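K.L.:
Here you go, this is entry.txt (compact mmCIF, C-alpha atoms).
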# COMPACT_ATOMS: atom_id res chain seq x y z
CA MET R 114 4.72 -1.02 -7.33
CA LYS R 115 1.66 1.12 -7.70
CA HIS R 116 -0.38 0.99 -4.55
CA ARG R 117 -3.68 1.38 -6.36
CA PRO R 118 -4.30 -2.33 -7.11
CA LEU R 119 -4.26 -2.86 -3.35
CA ALA R 120 -6.84 -0.16 -2.82
CA LEU R 121 -8.99 -1.24 -5.75
CA LEU R 122 -9.39 -4.65 -4.13
CA GLY R 123 -11.60 -3.17 -1.47
CA ALA R 124 -12.09 0.55 -1.62
CA LEU R 125 -15.48 1.97 -2.44
CA LEU R 126 -14.38 5.53 -2.70
CA LEU R 127 -15.96 8.56 -4.25
CA SER R 128 -14.11 9.78 -7.31
CA SER R 129 -12.75 13.27 -6.95
CA ALA R 130 -13.40 15.59 -9.84
CA GLY R 131 -10.24 17.10 -11.28
CA LEU R 132 -9.83 20.83 -11.50
CA VAL R 133 -7.80 21.81 -14.52
CA SER R 134 -5.17 24.22 -13.36
CA CYS R 135 -4.10 27.30 -15.18
CA SER R 136 -2.24 30.45 -14.38
CA SER R 137 -2.39 33.92 -15.83
CA SER R 138 1.35 34.39 -15.99
CA ASP R 139 4.40 32.29 -16.76
CA ASP R 140 5.52 32.11 -13.13
CA GLY R 141 2.14 30.89 -11.87
CA ARG R 142 1.13 34.14 -10.21
CA ASN R 143 -2.07 35.99 -10.91
CA ALA R 144 -1.26 39.66 -11.46
CA GLY R 145 -1.34 41.21 -8.02
CA GLY R 146 -2.87 38.03 -6.61
CA PRO R 147 -1.91 34.73 -5.00
CA THR R 148 0.51 32.16 -6.35
CA VAL R 149 -1.17 29.39 -8.31
CA LEU R 150 0.02 26.04 -6.93
CA ASP R 151 -0.50 23.10 -9.30
CA VAL R 152 -0.97 19.72 -7.58
CA TRP R 153 -1.51 16.26 -9.06
CA LEU R 154 -3.43 13.83 -6.83
CA MET R 155 -4.36 10.34 -7.96
CA ARG R 156 -7.83 9.09 -8.75
CA ASP R 157 -9.71 8.04 -5.58
CA SER R 158 -6.91 8.96 -3.19
CA VAL R 159 -9.34 11.44 -1.62
CA SER R 160 -13.08 11.89 -1.87
CA GLU R 161 -14.59 14.96 -3.48
CA ALA R 162 -15.88 16.07 -0.09
CA PHE R 163 -12.45 15.83 1.56
CA GLN R 164 -10.78 17.62 -1.33
CA LYS R 165 -13.21 20.53 -1.09
CA GLU R 166 -12.77 20.73 2.69
CA PHE R 167 -8.98 20.71 2.40
CA GLU R 168 -8.90 23.29 -0.36
CA ALA R 169 -11.10 25.66 1.63
CA GLY R 170 -9.11 25.16 4.83
CA PHE R 171 -5.74 25.49 3.11
CA GLU R 172 -6.60 28.65 1.20
CA LYS R 173 -8.09 30.23 4.32
CA ALA R 174 -4.86 29.54 6.22
CA HIS R 175 -2.70 30.56 3.25
CA PRO R 176 -4.51 33.25 1.23
CA GLU R 177 -1.31 33.93 -0.68
CA ILE R 178 -1.69 30.54 -2.42
CA ASP R 179 -4.36 29.62 -4.97
CA LEU R 180 -4.55 25.81 -4.85
CA LYS R 181 -5.38 24.01 -8.09
CA ILE R 182 -5.72 20.22 -7.91
CA GLN R 183 -5.83 17.95 -10.95
CA THR R 184 -6.92 14.33 -10.62
CA GLN R 185 -4.67 11.86 -12.46
CA GLU R 186 -5.34 8.28 -13.53
CA TRP R 187 -3.07 5.43 -12.45
CA GLU R 188 -3.03 3.98 -15.95
CA GLY R 189 0.03 5.45 -17.71
CA ILE R 190 0.97 7.71 -14.80
CA GLY R 191 4.61 6.59 -14.77
CA GLU R 192 5.26 7.88 -18.26
CA LYS R 193 3.35 11.09 -17.52
CA VAL R 194 5.34 11.83 -14.36
CA THR R 195 8.63 11.04 -16.08
CA ALA R 196 7.78 13.47 -18.87
CA ALA R 197 6.72 16.15 -16.38
CA LEU R 198 9.97 15.87 -14.43
CA ALA R 199 11.95 16.42 -17.62
CA SER R 200 9.86 19.37 -18.76
CA ASN R 201 9.88 23.07 -17.98
CA ASP R 202 6.21 23.01 -17.02
CA ALA R 203 5.98 20.44 -14.24
CA PRO R 204 3.30 20.61 -11.51
CA ASP R 205 4.46 21.77 -8.10
CA VAL R 206 3.44 18.68 -6.12
CA ILE R 207 2.75 15.13 -7.32
CA GLU R 208 1.27 12.15 -5.48
CA VAL R 209 3.11 8.94 -6.39
CA GLY R 210 2.88 5.35 -5.23
CA ASN R 211 5.28 4.82 -2.36
CA THR R 212 7.41 2.30 -4.26
CA GLN R 213 7.62 4.53 -7.35
CA VAL R 214 9.79 7.18 -5.70
CA ALA R 215 13.13 5.48 -6.39
CA GLN R 216 12.68 5.42 -10.15
CA TYR R 217 11.91 9.15 -10.22
CA ALA R 218 14.64 10.11 -7.73
CA GLN R 219 17.29 8.16 -9.63
CA SER R 220 17.01 10.58 -12.55
CA GLY R 221 17.67 13.58 -10.31
CA GLY R 222 14.23 14.98 -11.02
CA LEU R 223 12.95 15.38 -7.45
CA THR R 224 13.51 17.94 -4.70
CA ASP R 225 15.55 16.67 -1.75
CA PHE R 226 13.69 17.07 1.57
CA THR R 227 16.31 15.50 3.81
CA ASP R 228 16.77 18.72 5.78
CA LYS R 229 13.01 18.92 6.41
CA VAL R 230 12.50 15.43 7.82
CA ASP R 231 12.76 16.41 11.48
CA GLU R 232 10.34 19.33 11.30
CA LEU R 233 7.85 17.15 9.38
CA GLY R 234 7.89 14.55 12.19
CA GLY R 235 9.95 12.04 10.27
CA ASP R 236 10.95 10.06 13.35
CA LEU R 237 7.30 8.94 13.60
CA TRP R 238 6.68 8.15 9.93
CA LEU R 239 5.59 4.65 8.95
CA ASP R 240 8.64 2.76 7.73
CA GLY R 241 6.69 1.33 4.80
CA LEU R 242 6.17 4.85 3.44
CA ALA R 243 9.35 6.57 4.57
CA GLU R 244 11.88 3.94 3.47
CA PRO R 245 10.78 3.67 -0.16
CA GLY R 246 10.50 7.47 -0.21
CA ALA R 247 14.27 7.69 0.27
CA TRP R 248 16.93 7.08 -2.35
CA ASP R 249 20.70 7.03 -2.02
CA GLY R 250 20.54 8.30 1.55
CA LYS R 251 18.26 11.25 0.81
CA GLN R 252 14.52 11.75 1.45
CA TYR R 253 12.56 12.68 -1.66
CA GLY R 254 9.11 11.30 -0.90
CA ILE R 255 7.06 12.58 2.05
CA PRO R 256 4.67 9.95 3.46
CA TYR R 257 1.05 10.78 2.60
CA TYR R 258 -1.13 7.82 3.65
CA ALA R 259 -0.98 4.05 3.93
CA ALA R 260 -3.17 1.02 3.39
CA ASN R 261 -2.41 -2.62 4.01
CA ARG R 262 -4.07 -6.00 4.17
CA VAL R 263 -5.88 -7.47 7.15
CA VAL R 264 -7.96 -10.61 7.71
CA VAL R 265 -11.60 -10.02 6.78
CA TYR R 266 -13.73 -12.71 8.41
CA ARG R 267 -17.32 -13.90 8.72
CA THR R 268 -18.39 -13.25 12.30
CA ASP R 269 -21.31 -15.71 12.05
CA LEU R 270 -19.16 -18.57 10.74
CA PHE R 271 -16.53 -17.95 13.41
CA ARG R 272 -19.22 -18.00 16.08
CA LYS R 273 -20.74 -21.22 14.71
CA ALA R 274 -17.32 -22.91 14.73
CA GLY R 275 -16.61 -21.70 18.27
CA VAL R 276 -13.67 -19.53 17.15
CA ASP R 277 -12.91 -16.27 18.94
CA ALA R 278 -11.22 -13.95 16.45
CA THR R 279 -9.91 -11.70 19.22
CA ALA R 280 -7.89 -14.62 20.60
CA ILE R 281 -5.98 -15.19 17.35
CA LYS R 282 -2.63 -13.53 17.98
CA THR R 283 -0.09 -15.92 16.46
CA ARG R 284 0.27 -17.77 13.18
CA ASP R 285 -0.05 -21.14 14.95
CA GLN R 286 -3.33 -20.01 16.50
CA TRP R 287 -4.46 -18.82 13.09
CA ILE R 288 -3.77 -22.21 11.51
CA ALA R 289 -5.61 -24.01 14.33
CA ALA R 290 -8.63 -21.73 14.02
CA THR R 291 -8.69 -22.06 10.24
CA GLU R 292 -8.63 -25.85 10.52
CA LYS R 293 -11.77 -25.67 12.70
CA LEU R 294 -13.48 -23.43 10.18
CA ASN R 295 -12.57 -25.53 7.13
CA LYS R 296 -15.44 -28.04 7.22
CA ASP R 297 -19.07 -28.62 6.34
CA GLY R 298 -18.70 -27.04 2.91
CA VAL R 299 -17.06 -23.86 4.25
CA GLN R 300 -13.57 -22.82 3.16
CA GLY R 301 -11.48 -22.02 6.21
CA ILE R 302 -9.78 -19.32 4.15
CA TYR R 303 -9.86 -18.30 0.52
CA LEU R 304 -6.21 -17.76 -0.38
CA PRO R 305 -5.16 -17.72 -4.06
CA GLY R 306 -1.88 -19.45 -4.73
CA GLN R 307 -0.19 -16.34 -6.08
CA ASN R 308 -0.89 -13.76 -3.36
CA TRP R 309 2.75 -12.76 -3.21
CA PHE R 310 2.01 -9.76 -0.99
CA ALA R 311 0.87 -12.13 1.75
CA LEU R 312 3.92 -14.33 1.19
CA ALA R 313 6.18 -11.30 1.46
CA GLY R 314 4.74 -10.58 4.90
CA PHE R 315 5.52 -14.11 6.05
CA VAL R 316 9.07 -13.79 4.65
CA TRP R 317 9.61 -10.59 6.63
CA ASP R 318 8.18 -12.27 9.73
CA GLU R 319 10.81 -14.96 9.42
CA GLY R 320 13.60 -12.39 9.12
CA GLY R 321 14.13 -12.76 5.38
CA ASP R 322 13.52 -10.48 2.41
CA LEU R 323 12.55 -10.71 -1.24
CA ALA R 324 15.99 -9.45 -2.22
CA LEU R 325 19.05 -8.04 -0.48
CA GLN R 326 21.80 -5.69 -1.62
CA GLU R 327 25.38 -6.74 -0.99
CA GLY R 328 28.45 -4.94 -2.27
CA GLY R 329 26.41 -2.81 -4.62
CA LYS R 330 24.70 -5.81 -6.20
CA TRP R 331 21.25 -7.27 -5.58
CA LYS R 332 20.52 -10.91 -4.82
CA GLY R 333 17.14 -12.59 -4.77
CA GLY R 334 16.19 -13.86 -1.32
CA LEU R 335 13.49 -16.47 -1.89
CA ASP R 336 15.94 -19.36 -1.48
CA SER R 337 17.03 -18.32 2.02
CA PRO R 338 16.05 -20.60 4.93
CA GLU R 339 13.80 -17.82 6.26
CA ALA R 340 11.93 -17.43 2.97
CA LEU R 341 11.55 -21.19 2.58
CA ARG R 342 9.95 -21.37 6.03
CA ALA R 343 7.60 -18.59 5.01
CA MET R 344 6.55 -20.44 1.85
CA ASP R 345 5.91 -23.58 3.86
CA PHE R 346 3.58 -21.63 6.17
CA TYR R 347 1.82 -20.17 3.13
CA ARG R 348 1.37 -23.69 1.74
CA ARG R 349 -0.20 -24.92 4.98
CA LEU R 350 -2.57 -21.97 5.19
CA GLN R 351 -3.53 -22.07 1.51
CA ALA R 352 -4.47 -25.74 1.79
CA LEU R 353 -7.28 -24.86 4.24
CA GLY R 354 -9.48 -23.59 1.43
CA LYS R 355 -10.08 -23.96 -2.28
CA GLY R 356 -8.14 -21.00 -3.64
CA PRO R 357 -6.67 -21.64 -7.12
CA LYS R 358 -3.00 -22.51 -6.99
CA ASP R 359 -2.19 -20.81 -10.29
CA SER R 360 -3.91 -17.45 -9.90
CA ASP R 361 -3.92 -14.27 -7.83
CA GLU R 362 -6.51 -12.11 -6.02
CA SER R 363 -7.94 -10.71 -9.24
CA ARG R 364 -8.75 -13.98 -11.06
CA PRO R 365 -11.43 -14.48 -9.86
CA LEU R 366 -12.01 -11.40 -7.76
CA GLN R 367 -11.82 -12.35 -4.10
CA ALA R 368 -14.92 -10.33 -3.26
CA ASP R 369 -16.95 -12.37 -5.75
CA VAL R 370 -15.84 -15.63 -4.15
CA VAL R 371 -16.48 -14.51 -0.56
CA ALA R 372 -19.87 -13.06 -1.55
CA GLN R 373 -21.03 -16.54 -2.46
CA GLY R 374 -21.26 -17.16 1.28
CA ARG R 375 -19.05 -20.19 1.87
CA VAL R 376 -15.75 -18.56 2.87
CA ALA R 377 -14.78 -17.88 6.49
CA GLN R 378 -11.78 -15.60 5.88
CA VAL R 379 -9.88 -13.72 3.22
CA ILE R 380 -6.76 -11.53 3.25
CA ALA R 381 -7.74 -8.13 1.87
CA THR R 382 -7.88 -4.43 2.58
CA PRO R 383 -10.72 -3.47 4.95
CA GLY R 384 -12.61 -1.83 2.12
CA GLY R 385 -13.05 -5.31 0.68
CA ALA R 386 -15.78 -5.90 3.23
CA GLY R 387 -17.84 -3.15 1.65
CA VAL R 388 -17.46 -4.71 -1.79
CA ILE R 389 -18.47 -8.11 -0.46
CA ALA R 390 -21.57 -6.74 1.26
CA GLN R 391 -22.53 -4.83 -1.87
CA LYS R 392 -22.38 -8.03 -3.91
CA ASN R 393 -24.26 -10.00 -1.23
CA PRO R 394 -26.37 -7.73 1.02
CA ALA R 395 -27.13 -10.70 3.29
CA LEU R 396 -23.54 -10.44 4.56
CA LYS R 397 -23.88 -6.83 5.69
CA GLY R 398 -23.02 -6.65 9.38
CA LYS R 399 -21.45 -10.13 9.33
CA LEU R 400 -17.90 -9.15 8.40
CA GLY R 401 -15.17 -8.36 10.93
CA PHE R 402 -11.46 -7.65 10.87
CA PHE R 403 -8.27 -8.61 12.67
CA PRO R 404 -4.59 -7.92 11.90
CA ILE R 405 -2.65 -10.65 10.13
CA PRO R 406 -1.12 -12.60 13.03
CA GLY R 407 2.61 -12.69 13.62
CA LYS R 408 4.93 -15.47 14.73
CA THR R 409 4.54 -14.35 18.33
CA ALA R 410 1.68 -12.67 20.15
CA ASP R 411 3.64 -9.52 20.94
CA THR R 412 4.19 -8.48 17.30
CA PRO R 413 1.56 -8.34 14.53
CA GLY R 414 2.32 -10.00 11.25
CA ALA R 415 4.46 -8.04 8.82
CA VAL R 416 2.54 -6.53 5.92
CA PHE R 417 3.28 -4.86 2.65
CA THR R 418 2.52 -1.17 3.07
CA GLY R 419 0.74 0.21 0.06
CA GLY R 420 0.09 3.90 -0.12
CA SER R 421 1.41 7.16 -1.46
CA ASP R 422 4.14 9.70 -0.98
CA LEU R 423 4.16 13.34 -2.07
CA VAL R 424 7.06 14.59 -4.18
CA VAL R 425 8.08 17.94 -5.64
CA PRO R 426 9.73 18.11 -9.07
CA ALA R 427 13.15 19.75 -8.96
CA VAL R 428 12.00 22.05 -11.78
CA ALA R 429 8.80 23.12 -10.00
CA LYS R 430 8.51 26.90 -9.93
CA HIS R 431 7.04 27.25 -6.45
CA GLN R 432 9.21 25.24 -4.09
CA ASP R 433 8.32 27.13 -0.90
CA GLU R 434 4.59 27.00 -1.57
CA ALA R 435 4.86 23.30 -2.46
CA TYR R 436 6.49 22.64 0.90
CA THR R 437 3.71 24.55 2.65
CA PHE R 438 1.14 22.32 0.92
CA ILE R 439 2.99 19.16 1.95
CA GLU R 440 3.45 20.41 5.50
CA GLU R 441 -0.31 20.95 5.82
CA LEU R 442 -1.59 17.78 4.13
CA THR R 443 0.86 15.50 5.95
CA GLY R 444 0.51 17.25 9.31
CA GLU R 445 -1.44 15.97 12.29
CA ALA R 446 -4.70 17.87 11.73
CA TRP R 447 -5.29 16.93 8.10
CA GLN R 448 -3.85 13.43 8.47
CA THR R 449 -6.42 12.73 11.18
CA LYS R 450 -9.26 14.05 9.01
CA LEU R 451 -8.02 12.11 5.98
CA ALA R 452 -7.77 8.85 7.90
CA LEU R 453 -11.31 9.18 9.21
CA ALA R 454 -12.74 10.24 5.86
CA MET R 455 -11.06 7.54 3.79
CA SER R 456 -10.37 4.72 6.30
CA TYR R 457 -6.64 5.09 5.65
CA VAL R 458 -3.75 4.57 8.01
CA PRO R 459 -2.19 7.96 8.87
CA ASN R 460 1.42 8.52 7.89
CA ARG R 461 2.62 8.65 11.52
CA THR R 462 2.60 5.90 14.13
CA ASP R 463 1.39 8.27 16.86
CA LEU R 464 -1.81 8.96 14.91
CA ALA R 465 -2.99 5.35 14.77
CA THR R 466 -5.60 6.05 17.46
CA ALA R 467 -7.30 8.47 15.05
CA VAL R 468 -8.99 5.51 13.36
CA ALA R 469 -9.85 3.60 16.53
CA SER R 470 -13.58 4.05 15.89
CA ASP R 471 -13.31 2.34 12.48
CA PRO R 472 -12.83 -1.44 13.07
CA GLY R 473 -11.28 -2.12 9.67
CA ALA R 474 -8.94 0.84 9.71
CA ALA R 475 -8.00 0.12 13.33
CA ALA R 476 -6.97 -3.43 12.42
CA MET R 477 -5.06 -2.05 9.46
CA ALA R 478 -3.24 0.45 11.66
CA VAL R 479 -2.03 -2.32 13.97
CA GLY R 480 -0.46 -4.13 11.03
CA ALA R 481 0.94 -0.92 9.57
CA ALA R 482 3.22 -0.59 12.58
CA ASN R 483 5.04 -3.64 11.17
CA GLY R 484 4.81 -2.50 7.57
CA HIS R 485 7.45 -3.07 4.91
CA ALA R 486 8.06 -2.14 1.30
CA THR R 487 9.48 -3.99 -1.66
CA PRO R 488 13.24 -3.67 -2.33
CA ASN R 489 14.05 -0.01 -2.86
CA THR R 490 15.41 -0.01 -6.39
CA PRO R 491 14.08 1.37 -9.67
CA GLN R 492 14.46 -2.12 -11.18
CA TRP R 493 11.85 -3.65 -8.87
CA ALA R 494 9.10 -2.64 -11.31
CA ALA R 495 10.71 -4.96 -13.87
CA VAL R 496 10.61 -7.82 -11.36
CA GLU R 497 6.90 -7.32 -10.86
CA ALA R 498 6.31 -7.15 -14.60
CA LYS R 499 7.65 -10.70 -15.03
CA ASN R 500 6.89 -11.75 -11.46
CA PRO R 501 8.85 -14.95 -10.91
CA ILE R 502 7.50 -14.91 -7.33
CA LYS R 503 4.05 -15.92 -8.59
CA ASP R 504 5.45 -18.72 -10.72
CA TYR R 505 7.51 -19.94 -7.77
CA MET R 506 4.48 -20.07 -5.49
CA THR R 507 2.44 -22.05 -7.99
CA ALA R 508 5.33 -24.45 -8.50
CA VAL R 509 5.57 -25.21 -4.78
CA LEU R 510 1.81 -25.52 -4.33
CA THR R 511 1.57 -27.98 -7.21
CA GLY R 512 4.27 -30.27 -5.82
CA ARG R 513 7.60 -29.05 -7.17
CA ASP R 514 10.63 -29.14 -4.89
CA PRO R 515 10.53 -25.86 -2.89
CA ALA R 516 14.30 -25.38 -2.75
CA ALA R 517 14.76 -25.84 -6.48
CA ALA R 518 11.83 -23.59 -7.35
CA ALA R 519 13.05 -20.93 -4.92
CA ALA R 520 16.56 -21.04 -6.37
CA ALA R 521 15.19 -20.51 -9.89
CA ALA R 522 12.99 -17.59 -8.79
CA SER R 523 15.82 -15.98 -6.82
CA SER R 524 18.11 -16.26 -9.83
CA ALA R 525 15.52 -14.51 -12.02
CA ILE R 526 15.14 -11.71 -9.45
CA THR R 527 18.92 -11.33 -9.19
CA THR R 528 19.30 -11.00 -12.95
CA THR R 529 16.50 -8.45 -13.29
CA LEU R 530 17.56 -6.26 -10.39
CA ASN R 531 21.13 -6.03 -11.62
CA SER R 532 20.21 -5.41 -15.26
CA GLY R 533 20.26 -1.66 -14.77
CA SER R 534 23.54 -1.49 -12.88
Translate this structure into structure tokens?
P.N.:
Amino acid sequence: MKHRPLALLGALLLSSAGLVSCSSSDDGRNAGGPTVLDVWLMRDSVSEAFQKEFEAGFEKAHPEIDLKIQTQEWEGIGEKVTAALASNDAPDVIEVGNTQVAQYAQSGGLTDFTDKVDELGGDLWLDGLAEPGAWDGKQYGIPYYAANRVVVYRTDLFRKAGVDATAIKTRDQWIAATEKLNKDGVQGIYLPGQNWFALAGFVWDEGGDLALQEGGKWKGGLDSPEALRAMDFYRRLQALGKGPKDSDESRPLQADVVAQGRVAQVIATPGGAGVIAQKNPALKGKLGFFPIPGKTADTPGAVFTGGSDLVVPAVAKHQDEAYTFIEELTGEAWQTKLALAMSYVPNRTDLATAVASDPGAAAMAVGAANGHATPNTPQWAAVEAKNPIKDYMTAVLTGRDPAAAAAAASSAITTTLNSGS
């Protein structure tokens, strides 16, 4: 899945202006000058200010490389990347959504970085970025940055209800607190019925998965006992508010609902707080954050890790220079600067403290340590296109038998995932 819908939910980021790359010779080298390195970064993945700072720092450290960055749009990017990988004129480095790597790697169009994992600090990478960046036992995607959902809450409503957000460490405590908040015209939580990303986290908490691979075949996992327990928890939580049972976070936009002033909590990216405050300035300074609670106090709730990986086309002309770029941008120094500039989670677990001064990003980093990705198969995009998970959730929330609905959804997932095998 593209990670951008997750970021669009909350991010108020500056758009980076694209620099159209060109070279004065067929091999990308200016006559007697530095190598021109063509890089595609996605819209809003970095601010204009950060991009300029990185370009200046990189070219100072590597004067033999002339860095040219083009900004790409998420709309239609899959087809554009696929075409580039099959061409003789591909860029040298491409940013892709973390769960997109498998579909590009399957075609054999990406450079294998398996032998570089150790020197890039791979033992500390976030699982939710590293795992989907691998395919068939090889590492093609290098973790770039992560973002995930947290609980955004109204500090004034929590205080009025006598609820201490810092004391909410388990899902049972979360339910109890939300019950106290859900009164006097206030929704304890606004949770749309089809927020399948949140459900996925609860499934992972229970020890289940959306789908599992056995004997070379995929099988949908929503009908497992673990997943059924997760859906039951979702049902209990969703009932403590007025979220529509047949819609997701975009219909209506969560920020619009929370901005109306009668919602105590919402599950969103931290940037969502900025959107809410922009729509209702009276809420500025009244929004806080805490990680989605887990089953036990010692482990935060599992979350879907959205974000990006960096890949290099196998046909790229400047493999060594591309690796140098990746080594710099994903290294400790620039990861720390990127996290602070963009309120992202760094790609490595040991850099989580870099965002400690940003309450939203700090809460996000706690959850990221228990981050997961969707099933690592090129066919997962087809599952999301039809999304039987959403239909299943609505069915349960409107009174249908959970086991029967889960069996139907799992069957649909099984069929879709095995359609390409």
K.L.:
Please determine, counting all atoms listed in the file, which residue among R:Lys251, R:Lys173, R:Lys296, R:Lys499 has the shortest atom-to-atom distance to Lys273 in chain R.
P.N.:
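Smallest separation from Lys273 in chain R among the options: R:Lys296.
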K.L.:
Between R:Ala381, R:Thr283, R:Phe438, R:Leu341, which has the minimum distance to Glu177 in chain R (counting only C-alpha atoms)?
P.N.:
R:Phe438
K.L.:
Could you jot down the CA of Asp471 in chain R to CA of Phe403 in chain R separation for me, Å, one decimal place?
P.N.:
12.1 Å
K.L.:
Which residues, written as a ChimeraX atom specification, have at least one atom at most 9 Å from range 450-465 of chain R, with only C-alpha atoms counted and residues fewer than 2 positions away on the same chain left out?
P.N.:
/R:124,126,158-160,162-163,234-239,242-243,256-261,383-384,420,442-448,467-471,473-475,477-479,481-482
K.L.:
Go ahead and compute the interatomic distance for CA of Val265 in chain R and CA of Phe402 in chain R, in Å to one decimal.
P.N.:
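Value for the CA of Val265 in chain R-CA of Phe402 in chain R distance: 4.7 Å.
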K.L.:
Just the number, please: distance in Å from CA of Gly254 in chain R to CA of Gln164 in chain R, one decimal.
P.N.:
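Computed distance, CA of Gly254 in chain R to CA of Gln164 in chain R, equals 20.9 Å.
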K.L.:
With all atoms listed in the file as the counted atoms, please give the residues lying no more than 12 Å from Asp318 in chain R, apart from itself and same-chain residues fewer than 4 positions off, as a PyMOL selection string.
P.N.:
chain R and resi 283-284+311-314+322-323+339-344+346+405-409+412-417+480+483-485
K.L.:
Given the choices R:Val263, R:Ala495, R:Val428, R:Ala476, which gets closest to Gln378 in chain R if the distance is worked out from all atoms listed in the file?
P.N.:
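Among the listed residues, R:Val263 lies closest to Gln378 in chain R.
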K.L.:
Report the centre and edge lengths, in Å to one decimal, of an axis-aligned box enclosing every atom of range 190-199 of chain R listed in the file, padded by 6 Å on each side, as JSON.
P.N.:
{"center_x": 6.5, "center_y": 11.5, "center_z": -16.6, "size_x": 23.0, "size_y": 21.8, "size_z": 16.5}
K.L.:
Which residues are near Ile526 in chain R? Cut-off 10 Å, only C-alpha atoms, ignore same chain within fewer than 4 positions. Put them as a tab-separated table (two decimals) with C-alpha atoms, in the frame of the given file.
P.N.:
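Below is the file around.tsv, written as the result:
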chain	number	residue	atom	x	y	z
R	323	LEU	CA	12.55	-10.71	-1.24
R	324	ALA	CA	15.99	-9.45	-2.22
R	331	TRP	CA	21.25	-7.27	-5.58
R	332	LYS	CA	20.52	-10.91	-4.82
R	333	GLY	CA	17.14	-12.59	-4.77
R	334	GLY	CA	16.19	-13.86	-1.32
R	335	LEU	CA	13.49	-16.47	-1.89
R	492	GLN	CA	14.46	-2.12	-11.18
R	493	TRP	CA	11.85	-3.65	-8.87
R	495	ALA	CA	10.71	-4.96	-13.87
R	496	VAL	CA	10.61	-7.82	-11.36
R	497	GLU	CA	6.90	-7.32	-10.86
R	499	LYS	CA	7.65	-10.70	-15.03
R	500	ASN	CA	6.89	-11.75	-11.46
R	501	PRO	CA	8.85	-14.95	-10.91
R	502	ILE	CA	7.50	-14.91	-7.33
R	520	ALA	CA	16.56	-21.04	-6.37
R	521	ALA	CA	15.19	-20.51	-9.89
R	522	ALA	CA	12.99	-17.59	-8.79
R	530	LEU	CA	17.56	-6.26	-10.39
R	531	ASN	CA	21.13	-6.03	-11.62
R	532	SER	CA	20.21	-5.41	-15.26
K.L.:
Considering all atoms listed in the file, return as a ChimeraX atom specification whatever protein or nucleic-acid residues lie within 12 Å of Pro491 in chain R, sequence-local ones (same chain, fewer than 2 positions apart) excluded.
P.N.:
/R:114,191,211-220,245-249,331,487-489,493-497,529-534
K.L.:
Under the rule that only C-alpha atoms are counted, which of R:Lys430, R:Ala377, R:Ile281, R:Asp361 is the nearest residue to Leu294 in chain R?
P.N.:
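Closest to Leu294 in chain R, using only C-alpha atoms: R:Ala377.
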K.L.:
Residues within 9 Å of Val424 in chain R, please, as a compact mmCIF listing (two decimals) with C-alpha atoms, in the frame of the given file. Count only C-alpha atoms; anything in the same chain fewer than 6 positions from it doesn't count.
P.N.:
# COMPACT_ATOMS: atom_id res chain seq x y z
CA ASP R 205 4.46 21.77 -8.10
CA VAL R 206 3.44 18.68 -6.12
CA ILE R 207 2.75 15.13 -7.32
CA GLU R 208 1.27 12.15 -5.48
CA VAL R 209 3.11 8.94 -6.39
CA VAL R 214 9.79 7.18 -5.70
CA LEU R 223 12.95 15.38 -7.45
CA THR R 224 13.51 17.94 -4.70
CA GLY R 246 10.50 7.47 -0.21
CA TYR R 253 12.56 12.68 -1.66
CA GLY R 254 9.11 11.30 -0.90
CA ILE R 255 7.06 12.58 2.05
CA ILE R 439 2.99 19.16 1.95
K.L.:
Residues within 8 Å of (3.2, -23.1, -2.1), file coordinates, counting only C-alpha atoms: what are they? Give the list as a compact mmCIF listing (two decimals) with C-alpha atoms, keeping the file's coordinate frame.
P.N.:
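Below you can see point04.txt, which holds the result:
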# COMPACT_ATOMS: atom_id res chain seq x y z
CA GLY R 306 -1.88 -19.45 -4.73
CA MET R 344 6.55 -20.44 1.85
CA ASP R 345 5.91 -23.58 3.86
CA TYR R 347 1.82 -20.17 3.13
CA ARG R 348 1.37 -23.69 1.74
CA GLN R 351 -3.53 -22.07 1.51
CA LYS R 358 -3.00 -22.51 -6.99
CA TYR R 505 7.51 -19.94 -7.77
CA MET R 506 4.48 -20.07 -5.49
CA THR R 507 2.44 -22.05 -7.99
CA ALA R 508 5.33 -24.45 -8.50
CA VAL R 509 5.57 -25.21 -4.78
CA LEU R 510 1.81 -25.52 -4.33
CA THR R 511 1.57 -27.98 -7.21
CA PRO R 515 10.53 -25.86 -2.89
